[in-house]
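File shown: model-v8.cif. Contents: mmCIF, C-alpha atoms.
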data_entry
loop_
_atom_site.group_PDB
_atom_site.id
_atom_site.type_symbol
_atom_site.label_atom_id
_atom_site.label_comp_id
_atom_site.auth_asym_id
_atom_site.auth_seq_id
_atom_site.Cartn_x
_atom_site.Cartn_y
_atom_site.Cartn_z
ATOM 1 C CA MET A 1 13.035 -19.841 3.328
ATOM 2 C CA SER A 2 9.295 -20.352 3.769
ATOM 3 C CA ALA A 3 7.465 -23.037 1.840
ATOM 4 C CA ASP A 4 5.690 -20.571 -0.426
ATOM 5 C CA ASN A 5 8.854 -18.680 -1.252
ATOM 6 C CA GLN A 6 7.821 -15.369 0.362
ATOM 7 C CA GLN A 7 11.431 -14.912 1.505
ATOM 8 C CA GLU A 8 12.896 -14.363 -1.954
ATOM 9 C CA ARG A 9 15.063 -11.263 -2.345
ATOM 10 C CA LEU A 10 13.337 -7.906 -2.735
ATOM 11 C CA ASP A 11 14.402 -5.429 -5.410
ATOM 12 C CA SER A 12 14.461 -1.635 -5.459
ATOM 13 C CA SER A 13 11.351 -1.242 -7.659
ATOM 14 C CA TRP A 14 9.312 -3.476 -5.351
ATOM 15 C CA ILE A 15 10.452 -1.381 -2.357
ATOM 16 C CA VAL A 16 9.386 1.814 -4.182
ATOM 17 C CA GLY A 17 5.982 0.352 -5.123
ATOM 18 C CA PHE A 18 5.381 -0.926 -1.587
ATOM 19 C CA THR A 19 6.452 2.458 -0.148
ATOM 20 C CA ASP A 20 4.118 4.267 -2.576
ATOM 21 C CA GLY A 21 1.377 2.129 -1.050
ATOM 22 C CA GLU A 22 2.355 1.713 2.597
ATOM 23 C CA GLY A 23 5.324 3.936 3.424
ATOM 24 C CA CYS A 24 5.357 7.142 5.432
ATOM 25 C CA PHE A 25 7.902 9.967 5.599
ATOM 26 C CA HIS A 26 7.224 11.589 8.936
ATOM 27 C CA ILE A 27 8.750 14.504 10.817
ATOM 28 C CA SER A 28 7.627 15.674 14.227
ATOM 29 C CA ILE A 29 8.839 18.597 16.324
ATOM 30 C CA ASN A 30 8.665 17.685 19.994
ATOM 31 C CA LYS A 31 9.065 19.807 23.124
ATOM 32 C CA ILE A 32 12.198 18.645 24.967
ATOM 33 C CA HIS A 33 13.651 20.935 27.610
ATOM 34 C CA LYS A 34 17.195 19.606 27.374
ATOM 35 C CA MET A 35 17.461 20.748 23.707
ATOM 36 C CA SER A 36 19.039 24.200 23.210
ATOM 37 C CA LEU A 37 15.882 25.707 21.649
ATOM 38 C CA GLY A 38 13.537 23.525 23.731
ATOM 39 C CA TRP A 39 12.368 21.618 20.636
ATOM 40 C CA GLN A 40 13.619 18.428 18.981
ATOM 41 C CA VAL A 41 13.143 17.641 15.286
ATOM 42 C CA LEU A 42 12.457 13.904 14.886
ATOM 43 C CA PRO A 43 12.391 12.608 11.299
ATOM 44 C CA GLU A 44 11.552 8.979 10.576
ATOM 45 C CA PHE A 45 10.722 6.682 7.693
ATOM 46 C CA ARG A 46 8.100 4.018 8.441
ATOM 47 C CA ILE A 47 6.351 1.148 6.711
ATOM 48 C CA VAL A 48 3.460 -0.280 8.736
ATOM 49 C CA GLN A 49 1.919 -3.746 8.263
ATOM 50 C CA HIS A 50 -0.374 -6.064 10.162
ATOM 51 C CA GLU A 51 1.809 -8.476 12.144
ATOM 52 C CA LYS A 52 0.773 -11.336 9.848
ATOM 53 C CA ASP A 53 3.073 -9.647 7.300
ATOM 54 C CA GLU A 54 5.943 -8.817 9.648
ATOM 55 C CA SER A 55 8.213 -11.126 7.625
ATOM 56 C CA VAL A 56 8.166 -8.637 4.753
ATOM 57 C CA LEU A 57 9.231 -5.863 7.167
ATOM 58 C CA TYR A 58 12.276 -7.956 8.141
ATOM 59 C CA GLN A 59 13.005 -8.517 4.434
ATOM 60 C CA ILE A 60 12.968 -4.717 3.944
ATOM 61 C CA LYS A 61 15.274 -4.317 6.957
ATOM 62 C CA ASN A 62 17.616 -6.910 5.408
ATOM 63 C CA TYR A 63 17.495 -5.100 2.067
ATOM 64 C CA PHE A 64 18.610 -1.790 3.582
ATOM 65 C CA GLY A 65 20.865 -3.311 6.230
ATOM 66 C CA PHE A 66 19.582 -0.939 8.932
ATOM 67 C CA GLY A 67 16.375 0.139 10.696
ATOM 68 C CA ASN A 68 14.226 -1.742 13.188
ATOM 69 C CA VAL A 69 10.971 -3.682 13.270
ATOM 70 C CA LYS A 70 8.826 -2.548 16.226
ATOM 71 C CA ILE A 71 5.218 -2.665 17.357
ATOM 72 C CA ASN A 72 3.294 0.236 15.802
ATOM 73 C CA ARG A 73 -0.004 -0.252 17.653
ATOM 74 C CA LYS A 74 -2.349 -2.851 19.070
ATOM 75 C CA ASP A 75 -6.115 -2.547 18.798
ATOM 76 C CA HIS A 76 -9.206 -4.604 17.961
ATOM 77 C CA HIS A 77 -7.806 -5.186 14.435
ATOM 78 C CA GLY A 78 -4.809 -6.936 15.994
ATOM 79 C CA THR A 79 -1.174 -5.891 16.260
ATOM 80 C CA ARG A 80 0.467 -3.708 13.636
ATOM 81 C CA LYS A 81 4.243 -3.685 13.224
ATOM 82 C CA GLU A 82 6.479 -1.090 11.587
ATOM 83 C CA PHE A 83 9.825 -1.044 9.838
ATOM 84 C CA ARG A 84 11.302 2.205 11.160
ATOM 85 C CA VAL A 85 14.426 4.184 10.323
ATOM 86 C CA ARG A 86 15.625 6.978 12.607
ATOM 87 C CA GLY A 87 19.009 8.634 12.947
ATOM 88 C CA LEU A 88 20.643 10.979 10.468
ATOM 89 C CA GLU A 89 23.205 8.553 9.026
ATOM 90 C CA ASN A 90 20.608 5.966 7.988
ATOM 91 C CA LEU A 91 18.016 8.559 6.935
ATOM 92 C CA ASN A 92 20.610 10.029 4.561
ATOM 93 C CA LYS A 93 20.809 6.552 2.968
ATOM 94 C CA ILE A 94 16.995 6.418 2.732
ATOM 95 C CA VAL A 95 17.007 9.831 1.003
ATOM 96 C CA LYS A 96 19.671 8.653 -1.464
ATOM 97 C CA PHE A 97 17.662 5.495 -2.180
ATOM 98 C CA PHE A 98 14.461 7.401 -3.071
ATOM 99 C CA GLU A 99 16.426 10.005 -5.048
ATOM 100 C CA ARG A 100 17.771 7.167 -7.213
ATOM 101 C CA ASN A 101 14.458 5.245 -7.223
ATOM 102 C CA SER A 102 11.637 7.673 -7.824
ATOM 103 C CA LEU A 103 8.255 7.346 -6.072
ATOM 104 C CA LYS A 104 5.273 7.391 -8.448
ATOM 105 C CA THR A 105 2.418 8.641 -6.249
ATOM 106 C CA SER A 106 1.828 11.959 -4.469
ATOM 107 C CA LYS A 107 3.977 10.491 -1.650
ATOM 108 C CA LYS A 108 6.825 11.856 -3.759
ATOM 109 C CA LYS A 109 5.844 15.357 -2.561
ATOM 110 C CA ASP A 110 6.152 14.256 1.086
ATOM 111 C CA PHE A 111 9.528 12.721 0.265
ATOM 112 C CA LYS A 112 10.765 15.992 -1.315
ATOM 113 C CA ILE A 113 9.913 17.908 1.868
ATOM 114 C CA PHE A 114 11.443 15.116 3.970
ATOM 115 C CA SER A 115 14.709 15.202 2.008
ATOM 116 C CA GLU A 116 14.829 19.009 2.230
ATOM 117 C CA VAL A 117 14.487 18.817 6.032
ATOM 118 C CA ILE A 118 17.130 16.061 6.256
ATOM 119 C CA LYS A 119 19.504 18.319 4.303
ATOM 120 C CA MET A 120 18.758 21.205 6.710
ATOM 121 C CA ILE A 121 19.522 18.908 9.655
ATOM 122 C CA ASN A 122 22.800 17.873 7.976
ATOM 123 C CA ASN A 123 23.633 21.606 7.922
ATOM 124 C CA LYS A 124 22.562 21.968 11.594
ATOM 125 C CA GLU A 125 19.906 24.538 10.578
ATOM 126 C CA HIS A 126 17.400 22.852 12.934
ATOM 127 C CA LEU A 127 19.449 24.209 15.842
ATOM 128 C CA THR A 128 18.572 27.828 14.945
ATOM 129 C CA LYS A 129 15.193 29.475 15.582
ATOM 130 C CA LYS A 130 14.941 30.494 11.893
ATOM 131 C CA GLY A 131 15.703 26.958 10.703
ATOM 132 C CA LEU A 132 13.229 25.423 13.147
ATOM 133 C CA GLU A 133 10.489 27.786 11.937
ATOM 134 C CA LYS A 134 11.227 26.885 8.313
ATOM 135 C CA ILE A 135 11.080 23.150 9.145
ATOM 136 C CA ALA A 136 7.755 23.621 10.972
ATOM 137 C CA GLU A 137 6.278 25.410 7.940
ATOM 138 C CA LEU A 138 7.619 22.763 5.524
ATOM 139 C CA ILE A 139 6.233 19.808 7.449
ATOM 140 C CA SER A 140 2.820 21.433 8.049
ATOM 141 C CA VAL A 141 1.726 20.294 4.559
ATOM 142 C CA MET A 142 3.051 16.691 4.867
ATOM 143 C CA ASN A 143 0.829 13.614 5.274
ATOM 144 C CA ARG A 144 -2.330 15.761 5.656
ATOM 145 C CA LYS A 145 -1.322 16.199 9.327
ATOM 146 C CA PRO A 146 -2.767 18.637 11.834
ATOM 147 C CA LYS A 147 -0.489 21.614 12.590
ATOM 148 C CA SER A 148 2.684 20.715 14.468
ATOM 149 C CA LYS A 149 2.869 21.150 18.237
ATOM 150 C CA TYR A 150 5.631 23.665 17.547
ATOM 151 C CA LEU A 151 3.460 25.944 15.368
ATOM 152 C CA GLU A 152 0.553 25.687 17.805
ATOM 153 C CA SER A 153 2.609 26.402 20.921
ATOM 154 C CA SER A 154 1.951 29.698 22.707
ATOM 155 C CA GLU A 155 5.729 30.198 22.759
ATOM 156 C CA THR A 156 5.868 30.375 18.991
ATOM 157 C CA ILE A 157 2.613 32.152 18.044
ATOM 158 C CA ARG A 158 3.620 35.506 16.594
ATOM 159 C CA MET B 159 4.151 14.452 -18.537
ATOM 160 C CA SER B 160 3.777 16.221 -15.212
ATOM 161 C CA ALA B 161 6.431 18.636 -14.025
ATOM 162 C CA ASP B 162 7.673 16.332 -11.290
ATOM 163 C CA ASN B 163 8.001 13.347 -13.603
ATOM 164 C CA GLN B 164 5.307 11.225 -11.924
ATOM 165 C CA GLN B 165 4.326 9.933 -15.356
ATOM 166 C CA GLU B 166 7.501 7.950 -16.019
ATOM 167 C CA ARG B 167 6.976 4.324 -17.069
ATOM 168 C CA LEU B 168 6.114 1.782 -14.399
ATOM 169 C CA ASP B 169 7.855 -1.582 -14.212
ATOM 170 C CA SER B 170 6.638 -5.022 -13.121
ATOM 171 C CA SER B 171 8.369 -4.972 -9.706
ATOM 172 C CA TRP B 172 6.806 -1.602 -8.837
ATOM 173 C CA ILE B 173 3.368 -2.986 -9.814
ATOM 174 C CA VAL B 174 3.941 -6.016 -7.555
ATOM 175 C CA GLY B 175 5.087 -3.833 -4.632
ATOM 176 C CA PHE B 176 2.151 -1.454 -5.054
ATOM 177 C CA THR B 177 -0.257 -4.414 -5.295
ATOM 178 C CA ASP B 178 1.265 -5.969 -2.148
ATOM 179 C CA GLY B 179 0.353 -2.681 -0.468
ATOM 180 C CA GLU B 180 -2.865 -1.552 -2.146
ATOM 181 C CA GLY B 181 -4.184 -4.305 -4.415
ATOM 182 C CA CYS B 182 -7.150 -6.588 -3.844
ATOM 183 C CA PHE B 183 -8.086 -9.909 -5.419
ATOM 184 C CA HIS B 184 -11.811 -10.138 -4.880
ATOM 185 C CA ILE B 185 -14.458 -12.704 -5.774
ATOM 186 C CA SER B 186 -18.137 -12.353 -4.964
ATOM 187 C CA ILE B 187 -21.002 -14.759 -5.616
ATOM 188 C CA ASN B 188 -24.144 -12.800 -6.366
ATOM 189 C CA LYS B 189 -27.767 -13.922 -6.672
ATOM 190 C CA ILE B 190 -28.881 -13.380 -10.261
ATOM 191 C CA HIS B 191 -32.057 -15.148 -11.405
ATOM 192 C CA LYS B 192 -31.152 -15.229 -15.091
ATOM 193 C CA MET B 193 -28.089 -17.438 -14.383
ATOM 194 C CA SER B 194 -28.662 -21.164 -14.735
ATOM 195 C CA LEU B 195 -27.902 -21.920 -11.048
ATOM 196 C CA GLY B 196 -29.298 -18.568 -9.862
ATOM 197 C CA TRP B 197 -25.819 -17.373 -8.782
ATOM 198 C CA GLN B 198 -23.113 -15.437 -10.622
ATOM 199 C CA VAL B 199 -19.402 -15.665 -9.752
ATOM 200 C CA LEU B 200 -17.826 -12.214 -10.152
ATOM 201 C CA PRO B 201 -14.025 -12.106 -9.848
ATOM 202 C CA GLU B 202 -12.199 -8.782 -10.008
ATOM 203 C CA PHE B 203 -8.772 -7.301 -9.420
ATOM 204 C CA ARG B 204 -8.753 -3.820 -7.878
ATOM 205 C CA ILE B 205 -6.277 -1.177 -6.772
ATOM 206 C CA VAL B 206 -7.899 1.673 -4.840
ATOM 207 C CA GLN B 207 -6.399 5.150 -4.333
ATOM 208 C CA HIS B 208 -7.548 8.563 -3.194
ATOM 209 C CA GLU B 209 -8.450 10.571 -6.311
ATOM 210 C CA LYS B 210 -5.389 12.804 -5.782
ATOM 211 C CA ASP B 211 -3.421 9.751 -7.006
ATOM 212 C CA GLU B 212 -5.716 8.737 -9.853
ATOM 213 C CA SER B 213 -2.889 9.454 -12.333
ATOM 214 C CA VAL B 214 -1.023 6.383 -11.042
ATOM 215 C CA LEU B 215 -4.153 4.250 -11.646
ATOM 216 C CA TYR B 216 -4.160 5.397 -15.288
ATOM 217 C CA GLN B 217 -0.450 4.551 -15.514
ATOM 218 C CA ILE B 218 -1.256 1.024 -14.258
ATOM 219 C CA LYS B 219 -4.080 0.778 -16.818
ATOM 220 C CA ASN B 220 -1.606 1.852 -19.526
ATOM 221 C CA TYR B 221 0.920 -0.705 -18.298
ATOM 222 C CA PHE B 222 -1.542 -3.595 -18.622
ATOM 223 C CA GLY B 223 -3.365 -2.218 -21.665
ATOM 224 C CA PHE B 224 -6.777 -3.105 -20.199
ATOM 225 C CA GLY B 225 -9.010 -2.473 -17.182
ATOM 226 C CA ASN B 226 -10.872 0.666 -16.147
ATOM 227 C CA VAL B 227 -10.513 3.512 -13.670
ATOM 228 C CA LYS B 228 -13.821 4.110 -11.848
ATOM 229 C CA ILE B 229 -15.082 5.766 -8.680
ATOM 230 C CA ASN B 230 -14.724 3.354 -5.741
ATOM 231 C CA ARG B 231 -16.507 5.455 -3.109
ATOM 232 C CA LYS B 232 -17.123 9.005 -1.929
ATOM 233 C CA ASP B 233 -17.217 9.925 1.746
ATOM 234 C CA HIS B 234 -15.949 12.552 4.203
ATOM 235 C CA HIS B 235 -12.346 11.551 3.320
ATOM 236 C CA GLY B 236 -13.010 12.572 -0.305
ATOM 237 C CA THR B 237 -13.371 10.485 -3.439
ATOM 238 C CA ARG B 238 -11.536 7.198 -3.878
ATOM 239 C CA LYS B 239 -10.912 5.786 -7.349
ATOM 240 C CA GLU B 240 -10.098 2.224 -8.401
ATOM 241 C CA PHE B 241 -8.254 0.534 -11.227
ATOM 242 C CA ARG B 242 -10.486 -2.465 -11.892
ATOM 243 C CA VAL B 243 -10.147 -5.539 -14.093
ATOM 244 C CA ARG B 244 -13.150 -7.779 -14.762
ATOM 245 C CA GLY B 245 -13.792 -10.285 -17.525
ATOM 246 C CA LEU B 246 -12.159 -13.667 -17.938
ATOM 247 C CA GLU B 247 -9.813 -12.794 -20.814
ATOM 248 C CA ASN B 248 -8.141 -9.906 -18.961
ATOM 249 C CA LEU B 249 -8.205 -11.669 -15.580
ATOM 250 C CA ASN B 250 -6.301 -14.563 -17.164
ATOM 251 C CA LYS B 251 -3.628 -11.985 -18.109
ATOM 252 C CA ILE B 252 -3.599 -10.655 -14.521
ATOM 253 C CA VAL B 253 -3.137 -14.230 -13.233
ATOM 254 C CA LYS B 254 -0.237 -14.795 -15.665
ATOM 255 C CA PHE B 255 1.367 -11.498 -14.588
ATOM 256 C CA PHE B 256 1.349 -12.404 -10.863
ATOM 257 C CA GLU B 257 2.464 -15.975 -11.601
ATOM 258 C CA ARG B 258 5.545 -14.534 -13.327
ATOM 259 C CA ASN B 259 5.988 -11.707 -10.782
ATOM 260 C CA SER B 260 5.536 -13.106 -7.307
ATOM 261 C CA LEU B 261 3.774 -11.153 -4.543
ATOM 262 C CA LYS B 262 5.797 -10.875 -1.307
ATOM 263 C CA THR B 263 3.122 -10.386 1.366
ATOM 264 C CA SER B 264 0.297 -12.619 2.588
ATOM 265 C CA LYS B 265 -1.708 -11.210 -0.340
ATOM 266 C CA LYS B 266 -0.010 -14.005 -2.249
ATOM 267 C CA LYS B 267 -2.377 -16.444 -0.494
ATOM 268 C CA ASP B 268 -5.407 -14.484 -1.733
ATOM 269 C CA PHE B 269 -3.902 -14.497 -5.212
ATOM 270 C CA LYS B 270 -3.439 -18.296 -5.131
ATOM 271 C CA ILE B 271 -7.117 -18.792 -4.329
ATOM 272 C CA PHE B 272 -8.059 -16.192 -6.936
ATOM 273 C CA SER B 273 -6.030 -17.936 -9.642
ATOM 274 C CA GLU B 274 -7.505 -21.319 -8.675
ATOM 275 C CA VAL B 275 -11.030 -19.917 -9.063
ATOM 276 C CA ILE B 276 -10.147 -18.267 -12.402
ATOM 277 C CA LYS B 277 -8.914 -21.665 -13.634
ATOM 278 C CA MET B 278 -12.188 -23.282 -12.480
ATOM 279 C CA ILE B 279 -14.136 -20.614 -14.387
ATOM 280 C CA ASN B 280 -11.989 -21.286 -17.490
ATOM 281 C CA ASN B 281 -13.130 -24.916 -17.161
ATOM 282 C CA LYS B 282 -16.764 -23.775 -16.669
ATOM 283 C CA GLU B 283 -16.846 -25.489 -13.257
ATOM 284 C CA HIS B 284 -18.661 -22.445 -11.797
ATOM 285 C CA LEU B 285 -21.715 -23.481 -13.823
ATOM 286 C CA THR B 286 -22.146 -26.684 -11.772
ATOM 287 C CA LYS B 287 -23.519 -26.837 -8.229
ATOM 288 C CA LYS B 288 -20.431 -28.757 -7.066
ATOM 289 C CA GLY B 289 -18.080 -26.205 -8.610
ATOM 290 C CA LEU B 290 -20.019 -23.281 -7.162
ATOM 291 C CA GLU B 291 -19.860 -24.831 -3.676
ATOM 292 C CA LYS B 292 -16.106 -25.333 -4.009
ATOM 293 C CA ILE B 293 -15.646 -21.702 -5.127
ATOM 294 C CA ALA B 294 -17.744 -20.473 -2.177
ATOM 295 C CA GLU B 295 -15.600 -22.462 0.267
ATOM 296 C CA LEU B 296 -12.346 -21.269 -1.358
ATOM 297 C CA ILE B 297 -13.254 -17.578 -1.246
ATOM 298 C CA SER B 298 -14.582 -17.716 2.323
ATOM 299 C CA VAL B 299 -11.001 -17.346 3.605
ATOM 300 C CA MET B 300 -9.977 -14.487 1.246
ATOM 301 C CA ASN B 301 -9.479 -10.854 2.350
ATOM 302 C CA ARG B 302 -10.775 -11.570 5.879
ATOM 303 C CA LYS B 303 -14.293 -11.230 4.416
ATOM 304 C CA PRO B 304 -17.594 -12.166 6.066
ATOM 305 C CA LYS B 305 -19.152 -15.360 4.689
ATOM 306 C CA SER B 306 -20.400 -15.086 1.104
ATOM 307 C CA LYS B 307 -24.064 -14.425 0.404
ATOM 308 C CA TYR B 308 -24.056 -17.812 -1.304
ATOM 309 C CA LEU B 309 -22.926 -19.761 1.787
ATOM 310 C CA GLU B 310 -25.351 -17.805 4.016
ATOM 311 C CA SER B 311 -28.367 -18.264 1.740
ATOM 312 C CA SER B 312 -31.167 -20.473 3.046
ATOM 313 C CA GLU B 313 -31.144 -22.162 -0.383
ATOM 314 C CA THR B 314 -27.647 -23.480 0.210
ATOM 315 C CA ILE B 315 -27.576 -24.245 3.948
ATOM 316 C CA ARG B 316 -27.270 -27.999 4.256
#
As a first step, turn the structure in this file into C-alpha cells.
Amino acid sequence: MSADNQQERLDSSWIVGFTDGEGCFHISINKIHKMSLGWQVLPEFRIVQHEKDESVLYQIKNYFGFGNVKINRKDHHGTRKEFRVRGLENLNKIVKFFERNSLKTSKKKDFKIFSEVIKMINNKEHLTKKGLEKIAELISVMNRKPKSKYLESSETIR
Amino acid sequence: MSADNQQERLDSSWIVGFTDGEGCFHISINKIHKMSLGWQVLPEFRIVQHEKDESVLYQIKNYFGFGNVKINRKDHHGTRKEFRVRGLENLNKIVKFFERNSLKTSKKKDFKIFSEVIKMINNKEHLTKKGLEKIAELISVMNRKPKSKYLESSETIR
C-alpha cells in the first residue's frame, strides 16, 4: 500500500473508463510458415502507460487475475509499459467483461469487431481460407490501422 | 440515444478512469496588464478527444452540469475537441469530485497541486506577490511542463 493510497482496489467502471482512454483491442495477421494456411491470427488486448504508472498496470492485472506487464517501447520519452492479454481462454474473459461493462467511446466499435473475431477463433474459422479472409476484412477498419500484411500480400491479392 | 447505446449514463468511477487516461489539470500564469500584479492565474480542467468522440465529452458535461465543449486544436490528425471547466465556482466542484473519487495514476499528484492552488485562489492568495510565487513554484512540477512564463520573466528572476 503506497503512502498516497494509489493501491486501493479498482472497480469495473474505472477499468472501462481507463480502457476508453488508454486501451487497445488489436488483431494482427502474421506470416508464419508452420501454420496450416501460412498465416497466424494474433489477437491481444493492451493498455499502455509510461513506466511511472506501471503500478496501475499491475493493479489491472490483479483485478483480472491474468495477463502480463511487459515493456511496450523505449524512446526519448522514456520507457512505456503495457498490460497485455493474449491467449484465447483469457481473451474470452476480456470479451465477457466488456460485454457486461459497456465502453462509452468509439472504442466500442473496435471491441465489437474484436469480439466477433474471438468468436470466429473459438469456432476455428481462422483455420479456413474463407474465415481468414473475413477476419482480414473485419480488422482492416480497426484502430485506424494500415491494411493488414495479409491483405497486402501478393499471395492473397485477387 | 444512438443505436449502439453510447449515450447511456456515465458513473463517477468511469469518469475517474477516463480522467486517469485522458484528463488534464492545468494551471497557467499569464501576463495581463490590467491585473493588480500584472499576472493572471488561470486554472482549468480539460479532457481532450478526437472529434469522432465528442459525444462522450457532452455526456461528461451533462454529468457535471457545467463546463463547455470547445475545439482544442485542428491539425493533420483531424480536429480535437475538449471538455473544459474554468471559473472558481465550478473548479471547486471538480476538486470536491476528485477528493471523493480518487484518481489511481500519477495524475493524482497533479490533482493534489491543482486543488492546493484552487484553495489558495479561494483565499485570494494569488493576488499577493508571495502567493503568486508559491503558485508558480507549485505548478512548475505539474504535467511535465516547461517553466511557467512567470518564473522565466525578467521581472521575476531574483
Neighbour list for Gln49 of chain A as a list in words, cut-off 8 Å, all atoms listed in the file, skip fewer than 6 positions in-chain
Glu22, Leu57, Arg80, Lys81 and Glu82 of chain A
Selection under test: the PyMOL selection byres ((chain B) within 12 of (chain A)); residues as a ChimeraX atom specification:
/B:160-181,205-218,235,259-267,270,302
Who sits within 8 Å of Met142 of chain A, all atoms listed in the file, same chain under 4 positions skipped, as a ChimeraX atom specification
/A:26,110,113,138
Which residue out of B:Leu249, B:Phe203, B:Lys189, B:Phe255 has the minimum interatomic distance to Tyr221 of chain B when all atoms listed in the file are used?
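Ranked by minimum distance to Tyr221 of chain B, first place goes to B:Phe255.
The space separating atom CA of Phe66 of chain A from atom CA of Ala136 of chain A comes to 27.3 Å.
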Best match for closeness to Lys287 of chain B among B:Leu195, B:Ile252, B:Ile187, B:Val243, counting all atoms listed in the file
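Looking only at the distances to Lys287 of chain B, the closest residue turns out to be B:Leu195.
Residues in contact with Gly87 of chain A at up to 9 Å, not including ones fewer than 3 positions away on its chain and judged by all atoms listed in the file, are Leu42, Pro43, Glu44, Asn90, Leu91 and Asn92 of chain A.
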Out of A:Glu125, A:Arg46, A:Val95, A:Leu88, which residue has the shortest atom-to-atom distance to Ile71 of chain A when counting all atoms listed in the file?
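Counting all atoms listed in the file, the residue closest to Ile71 of chain A is A:Arg46.
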